[in-house]
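Have a look at protein-v3.cif below; it lists mmCIF, C-alpha atoms and all ligand atoms.
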```cif
data_query
loop_
_atom_site.label_atom_id
_atom_site.label_comp_id
_atom_site.auth_asym_id
_atom_site.auth_seq_id
_atom_site.Cartn_x
_atom_site.Cartn_y
_atom_site.Cartn_z
CA MET A 507 -25.16 4.19 2.85
CA ASN A 508 -22.92 2.04 0.66
CA HIS A 509 -19.14 1.64 1.11
CA LEU A 510 -18.35 4.66 -1.09
CA GLU A 511 -20.84 7.00 0.58
CA LYS A 512 -19.51 5.99 4.01
CA THR A 513 -15.89 6.46 2.95
CA SER A 514 -16.68 9.71 1.21
CA ALA A 515 -18.18 11.18 4.39
CA ILE A 516 -15.17 10.11 6.47
CA VAL A 517 -12.71 11.45 3.89
CA ARG A 518 -14.55 14.79 3.72
CA ASN A 519 -15.02 15.23 7.48
CA ILE A 520 -11.94 13.58 9.02
CA VAL A 521 -9.24 12.39 6.61
CA LEU A 522 -8.91 15.50 4.44
CA PRO A 523 -9.01 18.11 7.23
CA SER A 524 -6.25 16.26 9.14
CA ALA A 525 -4.05 15.20 6.20
CA ARG A 526 -1.71 18.19 6.15
CA LYS A 527 -1.11 18.02 9.89
CA ALA A 528 -0.57 14.25 9.75
CA ASP A 529 2.10 14.79 7.10
CA LYS A 530 3.75 17.60 9.07
CA THR A 531 3.81 15.83 12.43
CA ALA A 532 4.24 12.28 11.08
CA ILE A 533 1.61 11.16 13.59
CA PHE A 534 -0.44 8.04 12.80
CA PRO A 535 -4.00 9.06 11.73
CA ARG A 536 -5.72 7.17 14.55
CA THR A 537 -8.98 9.17 14.36
CA SER A 538 -9.37 8.38 10.66
CA ILE A 539 -8.63 4.67 11.17
CA THR A 540 -11.08 4.46 14.08
CA ALA A 541 -13.78 6.14 11.98
CA LEU A 542 -13.15 3.75 9.08
CA GLY A 543 -13.38 0.83 11.53
CA GLU A 544 -16.63 2.07 13.07
CA ALA A 545 -18.18 2.56 9.63
CA GLY A 546 -17.35 -1.07 8.73
CA ILE A 547 -14.83 -0.10 6.05
CA LEU A 548 -11.95 -2.03 7.70
CA GLY A 549 -14.25 -5.08 7.43
CA LEU A 550 -15.10 -4.44 3.77
CA MET A 551 -13.25 -7.57 2.57
CA SER A 552 -14.36 -9.74 5.50
CA SER A 553 -17.04 -12.24 4.62
CA LYS A 554 -20.66 -11.69 5.67
CA GLU A 555 -20.58 -14.93 7.71
CA VAL A 556 -18.24 -13.25 10.23
CA GLY A 557 -20.10 -9.93 10.08
CA GLY A 558 -18.12 -8.16 7.35
CA MET A 559 -19.36 -6.34 4.25
CA GLY A 560 -18.43 -9.32 2.05
CA LEU A 561 -17.27 -7.05 -0.77
CA ASP A 562 -14.52 -7.69 -3.27
CA LEU A 563 -11.26 -6.23 -4.57
CA LYS A 564 -13.13 -3.83 -6.88
CA GLU A 565 -14.89 -2.12 -3.96
CA ALA A 566 -11.70 -2.15 -1.84
CA ALA A 567 -9.90 -0.44 -4.74
CA GLU A 568 -12.63 2.24 -4.93
CA VAL A 569 -12.26 2.93 -1.22
CA ILE A 570 -8.45 3.15 -1.30
CA GLU A 571 -8.50 5.42 -4.36
CA LEU A 572 -10.91 7.78 -2.63
CA ILE A 573 -8.87 7.92 0.59
CA ALA A 574 -5.65 8.46 -1.41
CA THR A 575 -7.07 11.59 -3.04
CA ALA A 576 -6.96 13.14 0.44
CA CYS A 577 -4.29 11.31 2.48
CA PRO A 578 -2.03 8.70 0.83
CA SER A 579 -0.60 7.73 4.27
CA THR A 580 -4.07 6.66 5.44
CA ALA A 581 -4.70 4.91 2.12
CA MET A 582 -1.49 2.88 2.51
CA ILE A 583 -2.40 1.87 6.08
CA VAL A 584 -5.74 0.50 4.80
CA THR A 585 -4.02 -1.10 1.78
CA MET A 586 -1.69 -3.09 4.05
CA HIS A 587 -4.66 -3.97 6.28
CA PHE A 588 -6.70 -5.36 3.35
CA SER A 589 -3.61 -7.27 2.12
CA ALA A 590 -3.30 -8.90 5.56
CA VAL A 591 -7.06 -9.54 5.70
CA ALA A 592 -6.85 -11.51 2.43
CA ILE A 593 -4.64 -14.03 4.32
CA ILE A 594 -6.53 -13.93 7.61
CA GLU A 595 -9.85 -14.58 5.85
CA LYS A 596 -8.36 -17.81 4.41
CA PHE A 597 -6.22 -19.03 7.29
CA GLY A 598 -7.09 -17.03 10.43
CA ALA A 599 -9.19 -17.98 13.46
CA VAL A 600 -12.91 -17.11 13.38
CA ASP A 601 -12.67 -14.85 16.45
CA LEU A 602 -9.98 -12.75 14.81
CA ARG A 603 -11.97 -12.57 11.58
CA LYS A 604 -14.99 -11.33 13.57
CA GLN A 605 -12.87 -8.63 15.25
CA ILE A 606 -11.65 -7.44 11.86
CA ALA A 607 -15.16 -7.52 10.41
CA ALA A 608 -16.32 -5.38 13.34
CA GLY A 609 -13.62 -2.83 12.57
CA LYS A 610 -11.87 -3.41 15.90
CA HIS A 611 -8.62 -4.88 14.62
CA LEU A 612 -6.02 -3.40 12.26
CA SER A 613 -3.43 -5.66 10.63
CA THR A 614 -0.47 -5.28 8.27
CA LEU A 615 2.36 -7.17 6.56
CA ALA A 616 5.83 -7.44 8.10
CA TRP A 617 7.79 -8.98 5.24
CA SER A 618 10.73 -6.90 3.93
CA GLU A 619 13.93 -7.73 5.78
CA GLN A 620 17.39 -6.28 6.28
CA GLY A 621 18.90 -9.43 4.75
CA SER A 622 16.86 -9.93 1.57
CA ARG A 623 15.70 -6.30 1.35
CA SER A 624 12.92 -5.77 -1.23
CA HIS A 625 13.03 -9.49 -2.21
CA PHE A 626 10.33 -10.21 0.37
CA TRP A 627 9.61 -13.70 -0.99
CA VAL A 628 12.90 -15.03 0.47
CA PRO A 629 12.98 -14.07 4.17
CA ILE A 630 16.18 -14.65 6.13
CA GLY A 631 14.53 -14.61 9.59
CA THR A 632 14.03 -17.97 11.24
CA ALA A 633 11.38 -20.09 12.95
CA GLN A 634 12.33 -22.80 15.41
CA ARG A 635 10.02 -25.42 16.90
CA ASN A 636 9.88 -25.70 20.70
CA GLN A 637 7.47 -27.18 23.24
CA ALA A 638 5.27 -24.07 23.43
CA GLY A 639 5.05 -23.60 19.67
CA TYR A 640 7.69 -21.69 17.69
CA LEU A 641 10.44 -19.14 18.29
CA LEU A 642 10.66 -16.44 15.62
CA SER A 643 13.70 -14.23 14.99
CA GLY A 644 14.07 -11.61 12.29
CA LYS A 645 14.75 -8.01 11.31
CA LYS A 646 12.07 -6.28 9.24
CA THR A 647 13.22 -3.10 7.50
CA MET A 648 9.92 -1.24 7.16
CA VAL A 649 6.46 -2.11 8.40
CA THR A 650 3.47 0.15 7.74
CA SER A 651 1.49 0.76 10.97
CA ALA A 652 4.43 -0.53 13.04
CA GLY A 653 3.51 -0.39 16.72
CA GLU A 654 -0.01 0.79 15.78
CA ALA A 655 -1.53 -2.33 14.18
CA ASP A 656 -3.10 -4.99 16.38
CA SER A 657 -1.39 -7.81 14.48
CA TYR A 658 1.39 -8.43 11.96
CA ILE A 659 1.58 -11.07 9.24
CA TRP A 660 5.20 -12.05 9.84
CA SER A 661 7.33 -14.04 7.38
CA SER A 662 10.23 -16.35 8.16
CA ARG A 663 12.07 -19.27 6.67
CA PRO A 664 10.15 -22.52 7.17
CA ALA A 665 10.58 -24.13 10.59
CA GLU A 666 10.92 -27.73 9.46
CA LYS A 667 9.65 -28.17 5.92
CA GLU A 668 11.03 -27.29 2.49
CA GLY A 669 9.98 -24.02 0.84
CA ALA A 670 10.90 -20.34 0.67
CA SER A 671 8.86 -19.11 3.64
CA THR A 672 6.23 -19.57 6.32
CA LEU A 673 3.72 -16.96 7.47
CA TRP A 674 2.70 -16.21 11.06
CA LEU A 675 0.18 -14.10 12.91
CA VAL A 676 2.04 -12.06 15.53
CA GLU A 677 0.02 -10.16 18.13
CA LYS A 678 0.89 -6.54 18.89
CA ASN A 679 1.30 -7.25 22.60
CA ASN A 680 3.93 -9.97 22.18
CA PRO A 681 6.64 -8.76 24.59
CA ALA A 682 9.48 -9.81 22.27
CA LEU A 683 8.24 -7.72 19.35
CA ASN A 684 10.20 -4.46 19.10
CA THR A 685 9.27 -1.47 16.97
CA ILE A 686 12.16 0.87 16.24
CA LYS A 687 10.33 4.19 16.27
CA GLY A 688 11.30 7.46 14.71
CA TYR A 689 10.46 7.21 11.01
CA ASP A 690 11.03 10.64 9.53
CA GLY A 691 10.56 9.87 5.88
CA LEU A 692 10.22 11.81 2.66
CA GLY A 693 6.66 10.66 1.95
CA LEU A 694 3.83 8.65 3.50
CA ARG A 695 5.09 10.27 6.68
CA ALA A 696 2.02 9.48 8.76
CA ASN A 697 1.75 5.75 8.11
CA ALA A 698 4.01 4.80 11.05
CA SER A 699 6.47 2.90 8.87
CA SER A 700 9.27 1.60 11.04
CA PRO A 701 11.64 -1.33 11.34
CA MET A 702 10.49 -4.18 13.61
CA VAL A 703 12.89 -6.69 15.09
CA THR A 704 12.66 -9.72 17.31
CA GLU A 705 14.86 -12.42 18.79
CA ASN A 706 13.38 -15.72 19.96
CA MET A 707 9.80 -14.42 20.02
CA GLN A 708 7.52 -17.14 21.37
CA VAL A 709 4.37 -17.72 19.35
CA PRO A 710 1.85 -20.58 19.73
CA ALA A 711 1.67 -23.31 17.09
CA GLN A 712 -1.68 -21.87 15.92
CA ALA A 713 0.10 -18.66 14.89
CA MET A 714 1.23 -20.39 11.70
CA LEU A 715 -0.92 -19.26 8.74
CA GLY A 716 -1.21 -21.96 6.10
CA ASP A 717 1.41 -24.69 5.90
CA ASP A 718 5.00 -24.62 7.05
CA GLY A 719 6.89 -23.76 3.84
CA GLY A 720 3.65 -22.61 2.17
CA GLY A 721 4.30 -18.87 2.56
CA PHE A 722 5.50 -18.25 -0.98
CA ASP A 723 2.28 -19.55 -2.57
CA ILE A 724 0.18 -17.37 -0.24
CA MET A 725 2.35 -14.31 -0.90
CA ILE A 726 2.09 -14.64 -4.66
CA GLY A 727 -1.31 -16.31 -5.08
CA VAL A 728 -3.35 -14.59 -2.36
CA VAL A 729 -1.65 -11.30 -1.45
CA LEU A 730 0.08 -10.08 -4.60
CA PRO A 731 -3.15 -9.45 -6.58
CA VAL A 732 -4.68 -7.56 -3.64
CA PHE A 733 -1.57 -5.54 -2.74
CA SER A 734 -0.68 -4.79 -6.34
CA VAL A 735 -4.14 -3.49 -7.24
CA LEU A 736 -4.58 -1.52 -4.00
CA SER A 737 -1.10 -0.01 -4.28
CA ALA A 738 -2.18 1.05 -7.78
CA SER A 739 -5.34 2.53 -6.23
CA CYS A 740 -3.13 4.71 -3.98
CA SER A 741 -1.11 5.83 -7.00
CA ILE A 742 -4.23 6.53 -9.07
CA GLY A 743 -5.77 8.57 -6.23
CA ILE A 744 -2.54 10.57 -5.88
CA THR A 745 -2.36 11.07 -9.65
CA TYR A 746 -5.86 12.46 -10.17
CA SER A 747 -5.84 14.55 -7.01
CA THR A 748 -2.57 16.23 -8.02
CA LEU A 749 -3.69 16.67 -11.61
CA SER A 750 -6.90 18.39 -10.56
CA SER A 751 -4.95 20.71 -8.19
CA ALA A 752 -2.57 21.60 -11.03
CA ILE A 753 -5.46 22.28 -13.43
CA ALA A 754 -7.21 24.40 -10.79
CA HIS A 755 -4.05 26.42 -10.18
CA ALA A 756 -3.34 26.97 -13.88
CA SER A 757 -6.97 27.96 -14.47
CA ALA A 758 -7.21 30.36 -11.52
CA SER A 759 -3.83 32.10 -11.45
CA SER A 760 -3.43 34.99 -13.84
CA LEU A 761 -0.76 36.90 -15.69
CA GLU A 762 -2.24 40.33 -15.19
CA HIS A 763 -0.02 42.06 -17.78
CA VAL A 764 -1.64 39.97 -20.53
CA ASN A 765 -5.01 39.73 -18.79
CA ALA A 766 -5.18 35.92 -18.98
CA THR A 767 -4.86 32.85 -16.77
CA LEU A 768 -1.75 30.65 -16.85
CA ALA A 769 -3.72 27.98 -18.72
CA GLY A 770 -5.23 30.57 -21.07
CA SER A 771 -1.96 32.19 -22.05
CA LEU A 772 0.68 29.42 -21.93
CA PRO A 773 0.30 26.60 -24.51
CA THR A 774 3.33 24.83 -22.97
CA LEU A 775 1.48 24.43 -19.66
CA ARG A 776 -1.63 23.16 -21.46
CA ALA A 777 0.53 20.60 -23.27
CA TYR A 778 2.08 19.43 -19.97
CA LEU A 779 -1.39 19.08 -18.43
CA SER A 780 -2.60 17.24 -21.50
CA ARG A 781 0.30 14.75 -21.29
CA ALA A 782 -0.44 14.22 -17.60
CA GLN A 783 -4.14 13.63 -18.32
CA ILE A 784 -3.32 11.05 -21.03
CA LYS A 785 -0.87 9.23 -18.74
CA ALA A 786 -3.40 9.21 -15.90
CA ASP A 787 -6.20 7.89 -18.11
CA MET A 788 -3.95 5.18 -19.58
CA ALA A 789 -2.99 3.97 -16.09
CA LYS A 790 -6.63 4.07 -15.00
CA ALA A 791 -7.74 2.02 -18.02
CA LEU A 792 -5.11 -0.64 -17.22
CA TYR A 793 -6.18 -0.57 -13.58
CA HIS A 794 -9.84 -1.25 -14.45
CA ASP A 795 -8.79 -3.95 -16.91
CA THR A 796 -6.65 -5.61 -14.21
CA ILE A 797 -9.58 -5.79 -11.79
CA SER A 798 -11.72 -7.25 -14.57
CA ALA A 799 -8.98 -9.79 -15.46
CA ILE A 800 -8.83 -10.94 -11.81
CA GLN A 801 -12.62 -11.09 -11.39
CA ASN A 802 -13.04 -13.09 -14.60
CA ASN A 803 -10.07 -15.38 -13.97
CA ARG A 804 -8.56 -14.35 -17.29
CA PRO A 805 -5.35 -16.11 -18.38
CA ASP A 806 -3.53 -12.75 -18.46
CA ALA A 807 -4.60 -11.84 -14.90
CA MET A 808 -1.16 -12.36 -13.31
CA LEU A 809 0.57 -10.36 -16.05
CA ARG A 810 -1.89 -7.51 -15.43
CA VAL A 811 -1.30 -7.77 -11.66
CA MET A 812 2.44 -7.24 -12.19
CA GLU A 813 1.89 -4.48 -14.76
CA VAL A 814 -0.65 -2.43 -12.84
CA LYS A 815 1.46 -1.60 -9.77
CA ALA A 816 4.44 -0.54 -11.89
CA ALA A 817 2.31 1.42 -14.37
CA ALA A 818 0.32 3.28 -11.73
CA SER A 819 3.44 4.02 -9.61
CA GLU A 820 5.40 5.38 -12.52
CA THR A 821 2.40 7.41 -13.69
CA ALA A 822 2.06 8.98 -10.24
CA LEU A 823 5.77 9.87 -10.32
CA GLU A 824 5.42 11.46 -13.75
CA VAL A 825 2.16 13.33 -13.13
CA THR A 826 3.24 14.74 -9.75
CA ASP A 827 6.50 15.85 -11.39
CA ILE A 828 4.52 17.62 -14.15
CA ALA A 829 2.27 19.23 -11.53
CA MET A 830 5.35 20.63 -9.73
CA ARG A 831 6.53 22.13 -13.02
CA VAL A 832 3.14 23.51 -14.12
CA CYS A 833 2.48 25.16 -10.77
CA GLY A 834 5.91 26.77 -10.55
CA GLY A 835 6.82 28.35 -7.22
CA ALA A 836 3.29 27.83 -5.88
CA ALA A 837 3.89 24.07 -5.97
CA PHE A 838 6.53 24.49 -3.26
CA ARG A 839 3.94 25.85 -0.83
CA LYS A 840 2.57 23.35 1.69
CA ASP A 841 -0.94 24.88 1.49
CA VAL A 842 -1.21 24.07 -2.25
CA ASP A 843 -0.81 20.35 -1.38
CA ILE A 844 1.06 19.42 -4.57
CA GLU A 845 4.45 18.87 -2.93
CA ARG A 846 2.86 16.50 -0.35
CA PHE A 847 1.46 14.29 -3.12
CA PHE A 848 4.78 14.59 -5.01
CA ARG A 849 6.59 13.20 -1.93
CA ASP A 850 3.95 10.56 -1.15
CA ALA A 851 4.00 9.31 -4.77
CA ARG A 852 7.69 8.40 -4.39
CA ALA A 853 7.03 5.55 -1.93
CA SER A 854 5.05 3.28 -4.21
CA HIS A 855 7.75 2.48 -6.77
CA ILE A 856 10.13 1.28 -4.04
CA MET A 857 7.50 -0.65 -2.08
CA ALA A 858 8.09 -4.31 -2.84
CA PRO A 859 7.73 -5.65 -5.45
CA THR A 860 9.49 -2.48 -6.65
CA SER A 861 8.89 -1.14 -10.16
CA ASP A 862 12.33 -2.35 -11.29
CA VAL A 863 11.74 -5.82 -9.87
CA LEU A 864 8.37 -5.88 -11.66
CA TYR A 865 10.02 -4.87 -14.94
CA ASP A 866 12.34 -7.85 -14.52
CA PHE A 867 9.42 -10.20 -13.66
CA ILE A 868 7.29 -8.97 -16.57
CA GLY A 869 10.26 -9.20 -18.94
CA LYS A 870 10.83 -12.80 -17.89
CA ALA A 871 7.13 -13.64 -18.18
CA ILE A 872 6.76 -12.26 -21.72
CA CYS A 873 10.02 -13.94 -22.82
CA ASN A 874 8.81 -17.28 -21.42
CA ILE A 875 11.56 -17.39 -18.78
CA PRO A 876 10.50 -18.68 -15.31
CA VAL A 877 9.86 -15.62 -13.09
CA PHE A 878 11.27 -17.21 -9.90
C1 LIG A 901 6.73 4.05 3.21
C2 LIG A 901 7.09 2.60 3.16
C3 LIG A 901 6.25 1.66 3.73
C4 LIG A 901 6.59 0.31 3.71
N1 LIG A 901 5.75 -0.60 4.28
C5 LIG A 901 6.07 -1.92 4.29
C6 LIG A 901 5.23 -2.88 4.91
O1 LIG A 901 4.17 -2.57 5.44
N2 LIG A 901 5.63 -4.18 4.92
C7 LIG A 901 6.80 -4.58 4.34
O2 LIG A 901 7.10 -5.76 4.39
N3 LIG A 901 7.62 -3.69 3.74
C8 LIG A 901 7.28 -2.37 3.70
N4 LIG A 901 8.12 -1.46 3.09
C9 LIG A 901 9.39 -1.94 2.51
C10 LIG A 901 9.29 -2.01 1.00
O3 LIG A 901 8.32 -2.96 0.63
C11 LIG A 901 10.61 -2.40 0.33
O4 LIG A 901 11.05 -3.61 0.79
C12 LIG A 901 11.68 -1.39 0.59
O5 LIG A 901 11.22 -0.09 0.37
C13 LIG A 901 12.82 -1.66 -0.36
O6 LIG A 901 13.92 -0.86 0.06
P1 LIG A 901 15.41 -1.43 0.05
O7 LIG A 901 16.29 -0.30 0.41
O8 LIG A 901 15.49 -2.66 0.85
O9 LIG A 901 15.55 -1.75 -1.50
P2 LIG A 901 16.61 -2.67 -2.22
O10 LIG A 901 16.10 -4.07 -2.26
O11 LIG A 901 17.96 -2.44 -1.61
O12 LIG A 901 16.57 -2.10 -3.68
C14 LIG A 901 17.40 -1.01 -4.14
C15 LIG A 901 17.09 -0.75 -5.60
O13 LIG A 901 17.42 -1.93 -6.35
C16 LIG A 901 16.31 -2.29 -7.17
N5 LIG A 901 16.27 -3.76 -7.33
C17 LIG A 901 16.23 -4.69 -6.35
N6 LIG A 901 16.13 -5.92 -6.88
C18 LIG A 901 16.10 -5.78 -8.22
C19 LIG A 901 15.98 -6.67 -9.32
N7 LIG A 901 15.89 -7.99 -9.15
N8 LIG A 901 15.98 -6.14 -10.56
C20 LIG A 901 16.08 -4.79 -10.76
N9 LIG A 901 16.19 -3.90 -9.76
C21 LIG A 901 16.19 -4.39 -8.51
C22 LIG A 901 15.10 -1.77 -6.43
O14 LIG A 901 14.01 -1.55 -7.33
C23 LIG A 901 15.60 -0.46 -5.85
O15 LIG A 901 15.46 0.57 -6.79
C24 LIG A 901 7.80 -0.10 3.10
C25 LIG A 901 8.63 0.86 2.49
C26 LIG A 901 8.28 2.19 2.52
C27 LIG A 901 9.21 3.20 1.91
#
```
Output the file's structure in the form of structure tokens.
Amino acid sequence: MNHLEKTSAIVRNIVLPSARKADKTAIFPRTSITALGEAGILGLMSSKEVGGMGLDLKEAAEVIELIATACPSTAMIVTMHFSAVAIIEKFGAVDLRKQIAAGKHLSTLAWSEQGSRSHFWVPIGTAQRNQAGYLLSGKKTMVTSAGEADSYIWSSRPAEKEGASTLWLVEKNNPALNTIKGYDGLGLRANASSPMVTENMQVPAQAMLGDDGGGFDIMIGVVLPVFSVLSASCSIGITYSTLSSAIAHASASSLEHVNATLAGSLPTLRAYLSRAQIKADMAKALYHDTISAIQNNRPDAMLRVMEVKAAASETALEVTDIAMRVCGGAAFRKDVDIERFFRDARASHIMAPTSDVLYDFIGKAICNIPVF
């Protein structure tokens, strides 16, 4: 079976049947993550030399999109994992890379802070050299898979060198790492997003990923293309899943007094669905073009990377809003699944870089003003 057949089976048998309950209880979808690990999907981006699938961003995007059609919380957990893996594959120890390739290790990014909020590229938390390595202190506002992941790519100010940031690998079992539990959010309720804080957390010198002060280049050069595209995959999965539910509802529900379905008798609803379909297809075309721009090293690749997350997020907001309108009172029912996707869609535009930050970045880029 290839990566899509494997994912498809897990989505059909495990992710989809448990998605509604995961949303209701806000419990981390451990069974789904374990199944994805055992099938090798968590090692999809790990190179073959450490036992991974050795696949690329295109295949990762296909997997995330498929999972998001059923459970956006699970899709976001895997998105953050692949974003972390992009760094670990370049700078991590071989043993850790093998664990990830074998599907036995889940990772994530712990970047956004209380101090610099969504401006993740300028952490306020500190790193201090000592005899045993480094002491890290910081307050992270929201970390996907907090307390559930096996490791966290932690950001801080540089310890000794110039630069905006330094990245670290922090193990789950570090006694000074505290997860503040109790996330009861609007959407992505099951992805265990929580604040994480630490004071003088001892990490060994080898925990540093890349150079001291080199975090910014890794964040923008290595992670941003992966996170941006995969966040768009989540939004695209949400968009098409909701659109197809809305079309199914409008095509199956009838107005008995005129002997016709909602779609058959109400041109306004057809026009709303048509607008949603056009928006979805436009976002999907940009999404495919972005992956192609990255794969072919096109000069506009970075512009596309910034555009695609904002475009797909905003499309998901718009299409889920239209679906709520088209499906009327039925859309409020949990069993119709439209309101869950409506809530889940709302996370992506405020996940950093937020849509508004991206609009500012893109505006600067096209006006030839330095972005940072
Ligand atoms: C479900 C969920 C999961 C998350 N998971 C992770 C994770 O795994 N790792 C992680 O590091 N973080 C994570 N985050 C945090 C996320 O990436 C953002 O940092 C956070 O949502 C931003 O919230 P804030 O209140 O700090 O926003 P603020 O920074 O206070 O922004 C408030 C508003 O101002 C706007 N704004 C800010 N700066 C500008 C600007 N320059 N120009 C125009 N508008 C601007 C923003 O777009 C936003 O609308 C997660 C968040 C959520 C909701």
Exercise: stretch 571-583 of chain A partners within 8 Å, all atoms listed in the file, chain neighbours under 5 positions left out, as a list in words: Thr513, Ser514, Val517, Val521, Leu522, Ala525, Pro535, Ser538, Ile539, Thr614, Thr650, Ser651, Leu694, Arg695, Ala696, Asn697, Leu736, Ser737, Ser739, Cys740, Ser741, Ile742, Gly743, Ile744, Tyr746, Ser747, Phe847 and Asp850 of chain A
Within 9 Å of ligand LIG 901 (chain A), counting all atoms listed in the file, residues as number ranges by chain: A: 579, 582-583, 586-587, 614-626, 646-652, 660-661, 691-695, 697-701, 850, 852-867
Within 12 Å of file point (-1.1, 3.7, -16.6), counting all atoms listed in the file, expressed as a PyMOL selection string: chain A and resi 738-739+741-742+745-746+782-796+810+813-825
Selected residue of minimal separation from A:Met714 among A:Met812, A:Ala769, A:Ala599, A:Leu749, counting all atoms listed in the file: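 Of the candidates, the smallest distance to A:Met714 is held by A:Ala599.
You will find atom CA of A:Val600 at 14.6 Å from atom CA of A:Gly716.
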Of the listed residues A:Leu715, A:Val569, A:Ala752, A:Val735, that which approaches A:Ala807 most closely, counting only C-alpha atoms: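 Selected residue with least distance to A:Ala807: A:Val735.
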Write out, as CSV, each residue of stretch 630-687 of chain A that has an atom at most 6 Å from stretch 704-707 of chain A, together with the closest pair of atoms and their distance in Å to one decimal, counting only C-alpha atoms, rows going by chain and rising number.
```
residue,atom,partner,partner_atom,distance
A:Leu641,CA,A:Asn706,CA,4.8
A:Leu642,CA,A:Met707,CA,4.9
A:Ser643,CA,A:Glu705,CA,4.4
A:Gly644,CA,A:Thr704,CA,5.5
A:Ala682,CA,A:Met707,CA,5.1
A:Leu683,CA,A:Thr704,CA,5.3
```
